[in-house]
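What follows is the content of target.txt (compact mmCIF, C-alpha atoms).
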# COMPACT_ATOMS: atom_id res chain seq x y z
CA MET J 122 13.97 6.72 -19.61
CA THR J 123 12.85 6.69 -16.00
CA ALA J 124 10.41 9.47 -15.11
CA GLN J 125 11.61 11.59 -12.17
CA PRO J 126 9.17 14.47 -11.63
CA LEU J 127 10.50 15.06 -8.08
CA LYS J 128 14.21 14.98 -8.97
CA ASP J 129 14.79 18.44 -7.42
CA VAL J 130 13.16 17.56 -4.08
CA THR J 131 15.21 16.43 -1.06
CA VAL J 132 13.44 14.38 1.59
CA LEU J 133 14.68 13.46 5.04
CA GLU J 134 12.86 10.38 6.25
CA MET J 135 13.13 9.46 9.92
CA GLY J 136 10.66 6.64 9.46
CA THR J 137 10.47 3.18 10.98
CA PHE J 138 8.53 0.04 10.12
CA ILE J 139 6.03 0.90 7.32
CA THR J 140 4.05 4.16 7.43
CA GLY J 141 6.95 6.63 7.30
CA PRO J 142 9.11 4.50 5.00
CA ALA J 143 6.15 3.94 2.64
CA ALA J 144 5.64 7.69 2.33
CA GLY J 145 9.35 8.14 1.68
CA MET J 146 9.38 5.35 -0.90
CA ILE J 147 6.55 6.90 -2.90
CA LEU J 148 8.47 10.17 -3.10
CA ALA J 149 11.70 8.31 -3.93
CA ASP J 150 9.95 6.37 -6.69
CA LEU J 151 8.92 9.74 -8.15
CA GLY J 152 12.55 10.81 -8.25
CA ALA J 153 13.06 12.61 -4.94
CA ASN J 154 16.44 12.45 -3.22
CA VAL J 155 15.38 10.55 -0.09
CA ILE J 156 17.85 10.33 2.78
CA LYS J 157 16.81 7.78 5.38
CA ILE J 158 17.99 8.86 8.84
CA GLU J 159 18.58 5.82 11.06
CA GLN J 160 19.73 5.05 14.57
CA PRO J 161 23.42 3.98 14.64
CA GLY J 162 23.92 0.27 15.21
CA THR J 163 20.34 -0.89 14.77
CA GLY J 164 18.67 1.33 12.20
CA ASP J 165 15.03 0.97 11.26
CA PRO J 166 13.67 -1.88 13.46
CA PHE J 167 12.17 -3.43 10.31
CA ARG J 168 15.72 -4.25 9.18
CA SER J 169 16.14 -6.96 11.79
CA PHE J 170 15.67 -10.48 10.48
CA LYS J 171 17.53 -13.60 11.65
CA GLY J 172 20.47 -11.61 12.91
CA GLU J 173 20.80 -9.52 9.77
CA LEU J 174 19.70 -5.95 9.04
CA TYR J 175 18.29 -6.41 5.54
CA SER J 176 14.99 -8.26 5.90
CA PRO J 177 12.43 -8.61 3.10
CA HIS J 178 10.14 -6.47 5.25
CA PHE J 179 12.68 -3.64 5.20
CA GLN J 180 13.40 -4.05 1.49
CA THR J 181 9.72 -3.67 0.62
CA TYR J 182 9.49 0.02 1.58
CA ASN J 183 13.06 1.34 1.35
CA ARG J 184 14.23 1.22 -2.25
CA ASN J 185 15.64 4.27 -4.02
CA LYS J 186 16.91 5.76 -0.74
CA ARG J 187 20.26 6.51 0.89
CA SER J 188 20.97 5.70 4.53
CA VAL J 189 22.79 7.89 7.03
CA THR J 190 23.15 7.07 10.73
CA ILE J 191 22.41 9.94 13.10
CA ASP J 192 21.61 9.90 16.81
CA PRO J 193 19.72 13.16 17.50
CA LYS J 194 20.48 12.77 21.21
CA ASN J 195 24.14 13.26 20.37
CA PRO J 196 24.89 17.02 20.01
CA GLU J 197 27.37 16.49 17.17
CA ASP J 198 24.93 14.31 15.27
CA LEU J 199 22.11 16.77 15.91
CA ALA J 200 24.24 19.50 14.35
CA VAL J 201 24.64 17.32 11.25
CA LEU J 202 20.90 16.73 11.16
CA ASP J 203 20.25 20.47 11.43
CA GLN J 204 22.46 21.13 8.43
CA LEU J 205 20.56 18.52 6.45
CA VAL J 206 17.26 20.11 7.49
CA GLU J 207 18.42 23.51 6.28
CA GLN J 208 18.94 22.05 2.80
CA ALA J 209 15.86 19.81 2.70
CA ASP J 210 12.37 20.23 1.29
CA VAL J 211 10.56 17.55 3.28
CA PHE J 212 10.95 15.84 6.65
CA ILE J 213 8.97 12.67 7.46
CA GLN J 214 8.55 10.97 10.83
CA ASN J 215 6.09 8.43 12.21
CA PHE J 216 6.82 8.56 15.93
CA ARG J 217 4.18 8.36 18.63
CA PRO J 218 3.06 11.86 19.75
CA GLY J 219 5.70 13.49 21.94
CA VAL J 220 8.67 11.42 20.75
CA ALA J 221 9.75 13.94 18.11
CA ASP J 222 9.88 16.64 20.80
CA ARG J 223 12.11 14.46 23.00
CA LEU J 224 14.44 13.84 20.06
CA ASN J 225 14.61 17.56 19.13
CA VAL J 226 13.11 16.88 15.73
CA ASP J 227 9.68 18.45 16.29
CA ALA J 228 8.07 20.58 13.60
CA ALA J 229 8.45 23.89 15.41
CA ARG J 230 12.20 23.53 15.82
CA LEU J 231 12.96 22.16 12.36
CA GLN J 232 10.75 24.68 10.58
CA GLY J 233 12.46 27.37 12.62
CA LEU J 234 15.66 26.26 10.91
CA ASN J 235 13.98 26.06 7.51
CA PRO J 236 10.62 27.87 7.09
CA ARG J 237 10.18 26.24 3.65
CA LEU J 238 10.29 22.75 5.14
CA ILE J 239 7.29 20.46 4.60
CA TYR J 240 7.06 18.50 7.85
CA ALA J 241 5.04 15.27 7.64
CA SER J 242 3.98 13.72 10.92
CA ILE J 243 2.32 10.29 10.93
CA SER J 244 0.75 8.83 14.08
CA GLY J 245 -1.56 6.04 15.10
CA PHE J 246 -4.63 7.96 16.27
CA GLY J 247 -3.72 11.62 15.70
CA SER J 248 -1.84 14.26 17.65
CA GLU J 249 -4.81 15.09 19.89
CA GLY J 250 -7.84 13.44 21.45
CA PRO J 251 -8.31 10.72 24.06
CA ASP J 252 -6.61 8.03 21.95
CA ARG J 253 -3.54 10.09 20.99
CA ASN J 254 -1.14 8.00 23.10
CA ARG J 255 -2.54 4.58 22.22
CA PRO J 256 -0.06 2.28 20.45
CA ALA J 257 -1.26 1.55 16.94
CA PHE J 258 -0.24 -1.15 14.54
CA ASP J 259 -1.78 -2.29 11.29
CA THR J 260 -4.39 -4.63 12.75
CA VAL J 261 -5.34 -2.11 15.44
CA ALA J 262 -5.93 0.61 12.84
CA GLN J 263 -7.91 -1.72 10.59
CA ALA J 264 -10.13 -2.72 13.49
CA ALA J 265 -10.54 0.78 14.95
CA SER J 266 -11.61 2.21 11.58
CA GLY J 267 -14.27 -0.44 10.96
CA PHE J 268 -12.36 -1.87 8.02
CA LEU J 269 -11.25 -5.17 9.53
CA ARG J 270 -14.76 -6.50 10.04
CA LEU J 271 -15.28 -6.27 6.26
CA LEU J 272 -12.41 -8.72 5.71
CA VAL J 273 -13.04 -11.27 8.43
CA ASN J 274 -15.15 -14.38 7.93
CA PRO J 275 -17.56 -14.18 10.90
CA GLU J 276 -17.69 -17.98 11.10
CA HIS J 277 -13.91 -18.25 11.40
CA PRO J 278 -12.52 -14.89 12.57
CA ARG J 279 -8.87 -14.54 11.66
CA VAL J 280 -6.79 -11.57 10.56
CA VAL J 281 -5.97 -11.98 6.87
CA GLY J 282 -4.08 -10.17 4.18
CA PRO J 283 -1.19 -7.71 4.06
CA ALA J 284 -0.52 -4.60 6.18
CA ILE J 285 -3.10 -2.47 4.38
CA ALA J 286 -3.43 0.22 7.06
CA ASP J 287 0.31 0.75 7.34
CA ALA J 288 0.85 1.08 3.61
CA MET J 289 -2.23 3.20 2.92
CA THR J 290 -1.36 5.65 5.70
CA GLY J 291 2.06 6.15 4.14
CA PHE J 292 0.47 6.71 0.75
CA TYR J 293 -1.94 9.31 2.17
CA ALA J 294 0.99 11.08 3.85
CA ALA J 295 2.82 11.23 0.52
CA ILE J 296 -0.25 12.79 -1.10
CA GLY J 297 -0.32 15.44 1.63
CA VAL J 298 3.36 16.18 1.07
CA LEU J 299 2.83 16.58 -2.68
CA ALA J 300 -0.05 19.01 -2.08
CA ALA J 301 2.08 21.05 0.34
CA LEU J 302 4.97 21.15 -2.12
CA HIS J 303 2.63 22.47 -4.79
CA GLU J 304 1.25 25.13 -2.45
CA ARG J 305 4.77 26.20 -1.46
CA GLU J 306 5.42 27.25 -5.04
CA THR J 307 2.96 30.09 -4.40
CA THR J 308 3.41 30.84 -0.70
CA GLY J 309 7.11 30.10 -0.26
CA LYS J 310 6.29 28.56 3.13
CA GLY J 311 6.31 25.04 4.45
CA ARG J 312 3.46 23.18 6.09
CA LEU J 313 2.92 20.76 8.94
CA VAL J 314 1.25 17.82 7.21
CA GLU J 315 -0.37 15.40 9.65
CA THR J 316 -2.23 12.14 9.21
CA SER J 317 -2.88 9.10 11.34
CA MET J 318 -3.54 5.46 10.67
CA PHE J 319 -7.01 5.84 12.15
CA GLU J 320 -7.94 8.78 9.91
CA ALA J 321 -6.39 7.22 6.82
CA MET J 322 -8.23 3.95 7.22
CA CYS J 323 -11.55 5.67 7.96
CA HIS J 324 -11.16 7.49 4.64
CA PHE J 325 -10.06 4.30 2.87
CA ASN J 326 -13.20 2.70 4.31
CA LEU J 327 -15.33 5.46 2.78
CA ASP J 328 -17.86 3.17 1.08
CA ASP J 329 -18.78 1.63 4.42
CA PHE J 330 -19.34 5.04 6.02
CA THR J 331 -21.25 6.37 3.01
CA HIS J 332 -23.74 3.51 3.24
CA LEU J 333 -24.20 4.27 6.92
CA LEU J 334 -24.55 8.04 6.53
CA SER J 335 -26.67 8.10 3.37
CA ALA J 336 -28.80 4.98 3.74
CA ASP J 337 -28.43 3.94 7.40
CA GLN J 338 -26.92 0.64 6.29
CA VAL J 339 -24.15 -1.09 8.23
CA MET J 340 -22.07 -3.14 5.80
CA GLY J 341 -20.63 -6.55 6.62
CA PRO J 342 -18.00 -8.81 5.06
CA TYR J 343 -20.44 -10.13 2.46
CA SER J 344 -22.19 -6.86 1.58
CA ARG J 345 -20.05 -5.86 -1.36
CA PRO J 346 -19.54 -9.38 -2.81
CA HIS J 347 -23.30 -9.89 -2.82
CA VAL J 348 -24.08 -6.56 -4.49
CA SER J 349 -21.22 -6.74 -7.00
CA GLN J 350 -22.00 -10.42 -7.62
CA SER J 351 -18.41 -11.49 -7.01
CA TYR J 352 -17.44 -15.13 -6.56
CA VAL J 353 -14.41 -17.35 -6.04
CA PHE J 354 -14.63 -21.01 -7.01
CA ALA J 355 -12.29 -23.93 -6.49
CA CYS J 356 -11.48 -25.84 -9.66
CA ALA J 357 -10.66 -29.51 -10.24
CA ASP J 358 -6.92 -28.93 -9.76
CA GLY J 359 -7.41 -27.17 -6.42
CA LYS J 360 -6.71 -23.74 -7.92
CA TRP J 361 -9.15 -20.85 -7.63
CA ILE J 362 -10.84 -18.61 -10.17
CA ALA J 363 -12.60 -15.32 -9.44
CA LEU J 364 -15.64 -13.86 -11.22
CA HIS J 365 -17.07 -10.34 -11.00
CA MET J 366 -20.44 -10.49 -12.68
CA SER J 367 -21.72 -6.97 -11.94
CA SER J 368 -24.91 -5.93 -13.76
CA PRO J 369 -24.94 -6.48 -17.55
CA PRO J 370 -27.23 -9.44 -18.37
CA LYS J 371 -24.81 -10.62 -21.05
CA PHE J 372 -22.28 -11.63 -18.38
CA TRP J 373 -24.78 -14.07 -16.89
CA GLU J 374 -26.07 -15.23 -20.26
CA ASN J 375 -22.53 -16.07 -21.36
CA LEU J 376 -21.72 -17.70 -18.02
CA ALA J 377 -24.70 -20.01 -18.50
CA ILE J 378 -23.20 -21.05 -21.85
CA ALA J 379 -19.71 -21.47 -20.38
CA VAL J 380 -20.87 -23.79 -17.60
CA GLY J 381 -23.13 -25.78 -19.92
CA GLN J 382 -26.34 -24.73 -18.17
CA PRO J 383 -28.34 -22.80 -20.81
CA ASP J 384 -31.51 -22.90 -18.69
CA MET J 385 -29.79 -21.71 -15.52
CA LEU J 386 -31.21 -18.19 -15.65
CA ALA J 387 -34.74 -19.54 -15.48
CA LEU J 388 -34.12 -20.82 -11.96
CA PRO J 389 -35.59 -18.57 -9.23
CA ALA J 390 -32.17 -17.82 -7.69
CA PHE J 391 -30.84 -16.62 -11.06
CA ALA J 392 -33.92 -14.85 -12.41
CA SER J 393 -32.74 -11.28 -11.81
CA ARG J 394 -29.97 -9.23 -10.22
CA ASP J 395 -32.05 -8.77 -7.09
CA ALA J 396 -32.75 -12.50 -6.96
CA ARG J 397 -29.07 -13.37 -7.29
CA ILE J 398 -28.20 -10.95 -4.48
CA ALA J 399 -30.94 -12.30 -2.23
CA HIS J 400 -30.00 -15.91 -2.98
CA TYR J 401 -26.22 -15.48 -3.14
CA GLU J 402 -25.51 -18.71 -1.26
CA ASP J 403 -27.84 -20.65 -3.55
CA VAL J 404 -26.00 -19.32 -6.59
CA VAL J 405 -22.70 -20.42 -5.06
CA ALA J 406 -24.10 -23.83 -4.19
CA PHE J 407 -25.28 -24.32 -7.77
CA LEU J 408 -22.06 -23.20 -9.49
CA ALA J 409 -19.40 -24.55 -7.13
CA PRO J 410 -19.82 -28.26 -8.10
CA ILE J 411 -19.69 -27.32 -11.78
CA PHE J 412 -16.42 -25.41 -11.44
CA ALA J 413 -14.99 -28.34 -9.49
CA GLN J 414 -15.33 -30.54 -12.61
CA HIS J 415 -12.53 -28.94 -14.66
CA PRO J 416 -9.10 -27.42 -13.97
CA ARG J 417 -8.65 -23.67 -13.66
CA ALA J 418 -7.01 -23.27 -17.09
CA HIS J 419 -10.12 -24.70 -18.75
CA TRP J 420 -12.41 -22.24 -17.01
CA ALA J 421 -10.13 -19.25 -17.58
CA ALA J 422 -9.96 -19.96 -21.31
CA GLU J 423 -13.70 -20.58 -21.69
CA LEU J 424 -14.81 -17.59 -19.62
CA THR J 425 -12.37 -15.27 -21.38
CA ARG J 426 -13.54 -16.52 -24.78
CA LEU J 427 -17.11 -15.62 -23.81
CA GLU J 428 -16.09 -12.26 -22.26
CA VAL J 429 -17.18 -13.22 -18.75
CA PRO J 430 -15.15 -11.05 -16.31
CA ASN J 431 -12.74 -13.45 -14.60
CA SER J 432 -9.22 -14.07 -13.49
CA PRO J 433 -7.33 -16.94 -11.99
CA VAL J 434 -6.52 -16.18 -8.36
CA HIS J 435 -2.81 -15.89 -9.01
CA THR J 436 0.16 -16.40 -6.76
CA SER J 437 2.90 -13.76 -6.95
CA GLU J 438 4.96 -16.14 -9.10
CA GLU J 439 2.10 -16.54 -11.56
CA VAL J 440 1.59 -12.79 -11.77
CA LEU J 441 5.21 -12.13 -12.73
CA ALA J 442 5.14 -14.97 -15.27
CA SER J 443 2.03 -13.60 -16.98
CA GLU J 444 2.33 -12.08 -20.43
CA GLN J 445 0.62 -8.87 -19.29
CA ALA J 446 3.04 -8.28 -16.41
CA GLN J 447 6.00 -8.94 -18.67
CA HIS J 448 4.64 -6.69 -21.40
CA LEU J 449 4.20 -3.83 -18.92
CA GLY J 450 7.62 -4.42 -17.38
CA LEU J 451 6.25 -4.66 -13.84
CA GLU J 452 9.41 -6.26 -12.48
CA VAL J 453 12.48 -4.05 -12.27
CA SER J 454 15.82 -4.83 -10.72
CA ASP J 455 19.11 -3.49 -9.46
CA PRO J 456 21.78 -6.06 -10.39
CA ALA J 457 24.27 -4.30 -8.10
CA GLY J 458 22.30 -4.61 -4.87
CA PRO J 459 24.37 -4.90 -1.69
CA LYS J 460 23.10 -8.43 -1.07
CA GLY J 461 23.00 -9.49 -4.70
CA PRO J 462 20.47 -8.59 -7.41
CA PHE J 463 17.47 -6.73 -6.00
CA ARG J 464 14.13 -7.39 -7.70
CA THR J 465 10.92 -5.49 -7.06
CA ILE J 466 7.72 -4.15 -8.63
CA ARG J 467 7.99 -0.75 -10.29
CA PHE J 468 5.96 2.35 -9.42
CA PRO J 469 2.62 1.96 -11.25
CA VAL J 470 2.29 5.46 -12.77
CA SER J 471 3.88 6.57 -16.03
CA PHE J 472 4.48 10.13 -17.27
CA ASP J 473 4.18 10.71 -21.02
CA GLY J 474 4.84 7.02 -21.41
CA ALA J 475 7.96 7.08 -19.23
CA ARG J 476 7.92 4.55 -16.40
CA MET J 477 10.09 3.85 -13.40
CA ASP J 478 12.12 1.27 -15.29
CA THR J 479 15.19 1.38 -13.04
CA VAL J 480 15.55 1.02 -9.29
CA THR J 481 18.21 1.32 -6.62
CA ALA J 482 18.30 -1.42 -4.01
CA PRO J 483 17.51 -0.51 -0.41
CA PRO J 484 20.65 0.72 1.36
CA LEU J 485 22.68 -1.02 3.99
CA LEU J 486 22.60 0.71 7.35
CA GLY J 487 24.73 3.84 7.19
CA SER J 488 26.09 3.02 3.74
CA HIS J 489 25.98 6.69 2.74
CA ASP J 490 27.35 8.18 5.98
CA GLU J 491 30.57 9.52 4.53
CA GLU J 492 29.00 10.62 1.24
CA ILE J 493 26.26 12.65 2.91
CA ARG J 494 28.45 14.14 5.64
CA ARG J 495 31.02 15.12 3.05
CA THR J 496 28.32 16.96 1.14
CA ILE J 497 27.46 18.93 4.28
CA ARG J 498 31.11 19.81 4.94
CA SER J 499 31.56 21.08 1.40
Rewritten as structure tokens:
Amino acid sequence: MTAQPLKDVTVLEMGTFITGPAAGMILADLGANVIKIEQPGTGDPFRSFKGELYSPHFQTYNRNKRSVTIDPKNPEDLAVLDQLVEQADVFIQNFRPGVADRLNVDAARLQGLNPRLIYASISGFGSEGPDRNRPAFDTVAQAASGFLRLLVNPEHPRVVGPAIADAMTGFYAAIGVLAALHERETTGKGRLVETSMFEAMCHFNLDDFTHLLSADQVMGPYSRPHVSQSYVFACADGKWIALHMSSPPKFWENLAIAVGQPDMLALPAFASRDARIAHYEDVVAFLAPIFAQHPRAHWAAELTRLEVPNSPVHTSEEVLASEQAQHLGLEVSDPAGPKGPFRTIRFPVSFDGARMDTVTAPPLLGSHDEEIRRTIRS
């Protein structure tokens, strides 16, 4: 049975791209009734892909929702929106500061209609301060928060990886909404819940700031890998394997056995944890040619047998094919999706053993217009 702890919560999400939709998706995954409010004709800009309005980008953050098209600049549509607000528990938007006011969906007006409403506002740099009006996207927020420099190879600077700042900001917003919903049980009143991509990523980058503020250390892209003794090696078949050797001596003792170098730890670069950190590049230079002698499957089996912390660096296909992913039922699907079967990864939290084992495909633009408007009329 799918766990739905928020099944009695109604959320209006006026989100676009990632941050707002990600917050709405988290709440939807937890069982909330999430109504995605979209612009007629175009909808969430993330929908657009090769002339269609159902891109993989859109699908990623919009499952388990219903879509209604409303133009708040149209008085008749605004009246419909107001009726939805009166019945809702949460409203989410991720406009730039000032846009919500121009659209008549600002917190003051909507909470005037419904004092119990939790109003979540997500921005790039916050609702005040000198940067309030700066446009912010994922890479901008990563860079502004100090996080991006920890990911970039200084010898070949390129942006890498997924939209971490976008997704994490949405997740933080959802946490704020959940806290406000809990508080409302006591106070009976709603809250204005605000976060920004800049604030969210500064908090997500907490380890970096803690080293600065407690030890006057400025971290770089290799700081954590050196200290945690983490490595990635290319194997004979061109595939990669990752090791996280941490502190226990037994990890290194067993690695020496696995790579057929029983005297390895007597070398100066391997003599102690501090030595391995100080001579990180020497350790890599010693081990890399050895790992290049056998395919990844050989190393994964041998390291696992000897309890050396490791994992193949998997592709998404390999993850879903793994026995662990299949055992945990990570992939869920909606066979009746509007564009054919919809497959995705389930919400990662279970409640008393109950997981999110079913999913509803992301909606087509306005596919619930009549259903939702009929509910208002009744």
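Of note, CA of Asp198 (chain J) and CA of Asp287 (chain J) are spaced 29.2 Å apart.
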Check your understanding: Got a sec: who's within 9 Å of region 395-412 of chain J, counting all atoms listed in the file, leaving out chain neighbours fewer than 5 positions off, as a ChimeraX atom specification?
Key -> /J:346-350,352-357,362,380-381,389-390,417,420
Exercise for review: Please indicate the distance in Å from CA of Ile493 (chain J) to CA of Ile156 (chain J), rounded to one decimal place.
Suggested key: 8.7 Å
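We find CA of Gln447 (chain J) and CA of Val480 (chain J) to be spaced 16.7 Å apart.
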Return as CSV the residues of region 267-381 of chain J lying at most 9 Å from region 147-150 of chain J, together with the closest atom-to-atom pair for each and the distance in Å to one decimal, counting only C-alpha atoms, with rows in chain order and ascending residue number.
residue,atom,partner,partner_atom,distance
J:Gly291,CA,J:Ile147,CA,8.4
J:Phe292,CA,J:Ile147,CA,7.1
J:Ala295,CA,J:Ile147,CA,6.7
J:Val298,CA,J:Leu148,CA,8.9
J:Leu299,CA,J:Leu148,CA,8.5
Exercise for review: Name the residues in contact with Ser188 (chain J) at a cut-off of 6 Å, using all atoms listed in the file, excluding same-chain residues fewer than 6 positions from it; report them as a ChimeraX atom specification.
Suggested key: /J:156-157,484,486-489
Kindly assemble as a tab-separated table a list of the region 236-281 of chain J residues that lie within 12 Å of region 134-140 of chain J, each paired with its nearest atom pair and their distance in Å to one decimal, using all atoms listed in the file, sorted first by chain and then by ascending residue number.
residue	atom	partner	partner_atom	distance
J:Ile239	CA	J:Glu134	CA	11.6
J:Tyr240	CA	J:Glu134	CA	10.1
J:Ala241	CA	J:Glu134	CA	9.3
J:Ser242	CA	J:Gly136	CA	9.8
J:Ile243	CA	J:Thr140	CA	7.3
J:Ser244	CA	J:Thr140	CA	8.8
J:Gly245	CA	J:Thr140	CA	9.7
J:Ala257	CA	J:Thr140	CA	11.2
J:Phe258	CA	J:Ile139	CA	9.8
J:Asp259	CA	J:Ile139	CA	9.3
J:Ala262	CA	J:Thr140	CA	11.9
Point to revise | Residue neighbourhood Leu364 (chain J), 6 Å, all atoms listed in the file, exclusion window fewer than 5 positions, as a list in words | key: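 Neighbouring residues, sequence-local ones excluded: Ser351, Tyr352, Pro430 and Asn431 of chain J.
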Study note, to complete from the structure: In terms of only C-alpha atoms, the residue from J:Leu485, J:Ser454, J:Asp473, J:Glu428 at minimal distance from Ser169 (chain J) is J:Leu485
Check your understanding: Can you list, as a PyMOL selection string, every protein, DNA or RNA residue that comes within 10 Å of region 457-470 of chain J when you count only C-alpha atoms, leaving out same-chain residues fewer than 5 positions away?
Key -> chain J and resi 124+146-147+149-151+175+180-181+184+441+446+449-452+475-485+488
Check your understanding: Restricting the calculation to only C-alpha atoms, which member of J:Arg255, J:Asn183, J:Ile213, J:Ala221 is positioned closest to Gly297 (chain J)?
Key ->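 Closest to Gly297 (chain J) of all the choices is J:Ile213.
Across J:Pro236, J:Arg494, J:Glu249, J:Lys194, the tightest approach to Pro218 (chain J) is made by J:Glu249 when counting all atoms listed in the file.
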Exercise for review: Measuring atom to atom with all atoms listed in the file, identify which of J:Asn215, J:Thr496, J:Val155, J:Asp192 is nearest to Gly141 (chain J).
Suggested key: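 When distances to Gly141 (chain J) are compared using all atoms listed in the file, the smallest one comes from J:Asn215.
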Review point. Do you know which residues are at most 9 Å from region 338-343 of chain J counting all atoms listed in the file, after dropping those on the same chain fewer than 6 positions away, and could you put them as a PyMOL selection string?
Key: chain J and resi 269-275+328-332
Check your understanding: Smallest atom-to-atom distance to Met289 (chain J): which of J:Ala321, J:Val132, J:Leu202, J:Ala379, using all atoms listed in the file?
Key -> J:Ala321
Practice item. For each of J:Gln445, J:Gln232, J:Ser471, J:Ser432, take the minimum atom-to-atom distance to Met366 (chain J), counting only C-alpha atoms, then give the residue where this is smallest. Key: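 Among the listed residues, the smallest separation from Met366 (chain J) belongs to J:Ser432.
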